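To start, the structure under review is shown below, and the notes come after it.
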Amino acid sequence: MITAVAGIFVEHIALTSFMTLQVSIGYFLTDLVMILWYFPSLGGKEYLLHHGLSMYAIGLALLSGKAHMYILMVLFTEVTTPFVNLRWYLDVAGQKTCNLYVYNGVALFVGWLVARIILFVYLFTHMYFHYDQVRSIFTLGFYSLLAVPSTVAVMNVFWFWKILKGMVKTLSRRRKHSENGKTD
C-alpha cells in the first residue's frame with residue numbers, strides 16, 4: 001500500500017515516486033548493458049560503479065518504500081545526461097570546434113554545477129537537519145543512504161573538475177582562434 005506518514009520525510013512515498021524509480025532502474029539497466037557491450041568506449045569502471053550504486057539505491061528504495069525523496073533528489077542529477085551524451089557524439093563526429101560543442105559544454109558545466117554539486121549540498125544539509133528521521137530507517141537503508149550519495153558526490157566532484165578543465169581549454173582555444181582572426 002502506498003501511503004505517506006505526515007511529518008516524517010523518509011516515509012513520504014507516492015505512486016509517482018514508485019513509477020519514477022521503476023522507470024529509472026530500467027533506464028540504468030539499459031544504459032549499463034550498452035556500457036558493457038561497448039566497454040570501455042562508452043565509459044570505464046567509474047561508470048559501472050555509478051550505475052551499480054544507482055540501481056542498488058533505487059532497488060532498495062523500491063523494496064523498502066523508504067527514502068524515496070532522497071533517491072529522487074539524487075536521480076534529478078541525471079538531467080545532465082543529455083549534455084554528456086551530446087558532448088560524446090560531437091566529439092566522435094569530430095565537431096569539437098563547432099558552436100554547438102561550445103554551447104553544450106557551457107550548458108553541461110552550469111547544469112552539473114546546479115544539479116550535481118549544489119543539489120548534493122542541499123541533500124546532505126537536509127539529511128543533517130533531519131538526521132533523526134534518516135537514522136530511523138532500517139540499518140542497511142541508513143548506511144546505504146550515507147554511503148551511496150557520498151560516493152556519487154565524490155564522483156560528481158571529480159567529473160565536475162574534468163568538465164571545468166575541458167570548458168576552460170575549449171574556451172581558451174576558441175578565444176585564441178578569434179584573436180588570430182579565425183572563425184568557425
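Naming scheme: A, B, ... for chains in displayed order of the C-alpha cells; residues 1 onward per chain; ligands 1 onward as shown.
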Hey, which bits of stretch 54-162 of chain A sit within 12 Å of stretch 8-15 of chain A, and for each residue what's the closest pair of atoms and how far apart in Å (one decimal), counting only C-alpha atoms, rows by chain and increasing number, as CSV?
residue,atom,partner,partner_atom,distance
A:Ala61,CA,A:Ile13,CA,9.9
A:Leu62,CA,A:Ile13,CA,10.0
A:Ser64,CA,A:Glu11,CA,10.0
A:Gly65,CA,A:Ile13,CA,6.9
A:Lys66,CA,A:Glu11,CA,5.5
A:Ala67,CA,A:Val10,CA,4.4
A:His68,CA,A:Ile13,CA,6.1
A:Met69,CA,A:His12,CA,7.0
A:Tyr70,CA,A:Val10,CA,7.7
A:Ile71,CA,A:Val10,CA,10.1
A:Leu72,CA,A:Ile13,CA,10.6
A:His126,CA,A:Phe9,CA,10.0
A:Met127,CA,A:Val10,CA,9.7
A:Phe129,CA,A:Phe9,CA,11.3
A:His130,CA,A:Phe9,CA,8.1
A:Tyr131,CA,A:Val10,CA,10.2
A:Asp132,CA,A:Ile8,CA,9.8
A:Gln133,CA,A:Val10,CA,6.4
A:Val134,CA,A:Val10,CA,6.5
A:Arg135,CA,A:Val10,CA,9.6
A:Ser136,CA,A:Val10,CA,8.6
A:Ile137,CA,A:Val10,CA,7.6
A:Phe138,CA,A:Val10,CA,11.0
A:Gly141,CA,A:Val10,CA,10.5
A:Phe142,CA,A:Val10,CA,10.3
A:Leu145,CA,A:Val10,CA,10.5
Hey, what's within 12 Å of A:Ile118 if we count only C-alpha atoms and toss same-chain stuff fewer than 3 positions away? As number ranges by chain, please?
-> A: 73-74, 76-77, 110-115, 121-125, 153, 156-157, 160
Which residue gives the smallest distance to A:Ile35 among A:Gln95, A:Val23, A:Thr16, A:Leu49, with only C-alpha atoms counted?
-> A:Leu49
Sel. of alpha helix (DSSP H) residues, stretch 111-160 of chain A, as an MDAnalysis selection string | chainID A and resid 111:112 119:129 131:136 139:160
Taking 3 positions as the minimum chain separation for residues in the same chain, which residues sit within 12 Å of A:Ala147 when counting only C-alpha atoms? Answer as a PDB file with C-alpha atoms, in the first residue's frame.
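Heads up, here's the output in result.pdb:
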ATOM      1  CA  LEU A  53      25.279   2.141  -6.990  1.00  0.00           C
ATOM      2  CA  SER A  54      22.311   3.836  -8.643  1.00  0.00           C
ATOM      3  CA  TYR A  56      21.271  -0.658  -5.792  1.00  0.00           C
ATOM      4  CA  ALA A  57      19.865   2.516  -4.187  1.00  0.00           C
ATOM      5  CA  PHE A 124      23.446  16.437   2.669  1.00  0.00           C
ATOM      6  CA  LEU A 140      21.008  -1.247   5.711  1.00  0.00           C
ATOM      7  CA  GLY A 141      18.938   1.652   4.386  1.00  0.00           C
ATOM      8  CA  PHE A 142      20.566   4.093   6.794  1.00  0.00           C
ATOM      9  CA  TYR A 143      24.131   3.118   5.908  1.00  0.00           C
ATOM     10  CA  SER A 144      23.264   2.973   2.213  1.00  0.00           C
ATOM     11  CA  SER A 150      28.560  10.244  -0.649  1.00  0.00           C
ATOM     12  CA  THR A 151      30.308   8.026  -3.195  1.00  0.00           C
ATOM     13  CA  VAL A 152      28.316   9.516  -6.064  1.00  0.00           C
ATOM     14  CA  ALA A 153      29.076  13.026  -4.763  1.00  0.00           C
ATOM     15  CA  VAL A 154      32.815  12.312  -4.851  1.00  0.00           C
TER      16      VAL A 154
END
Counting only C-alpha atoms, which of A:Lys45, A:Lys169, A:Lys176, A:His51 gets nearest to A:Val106?
-> A:Lys169
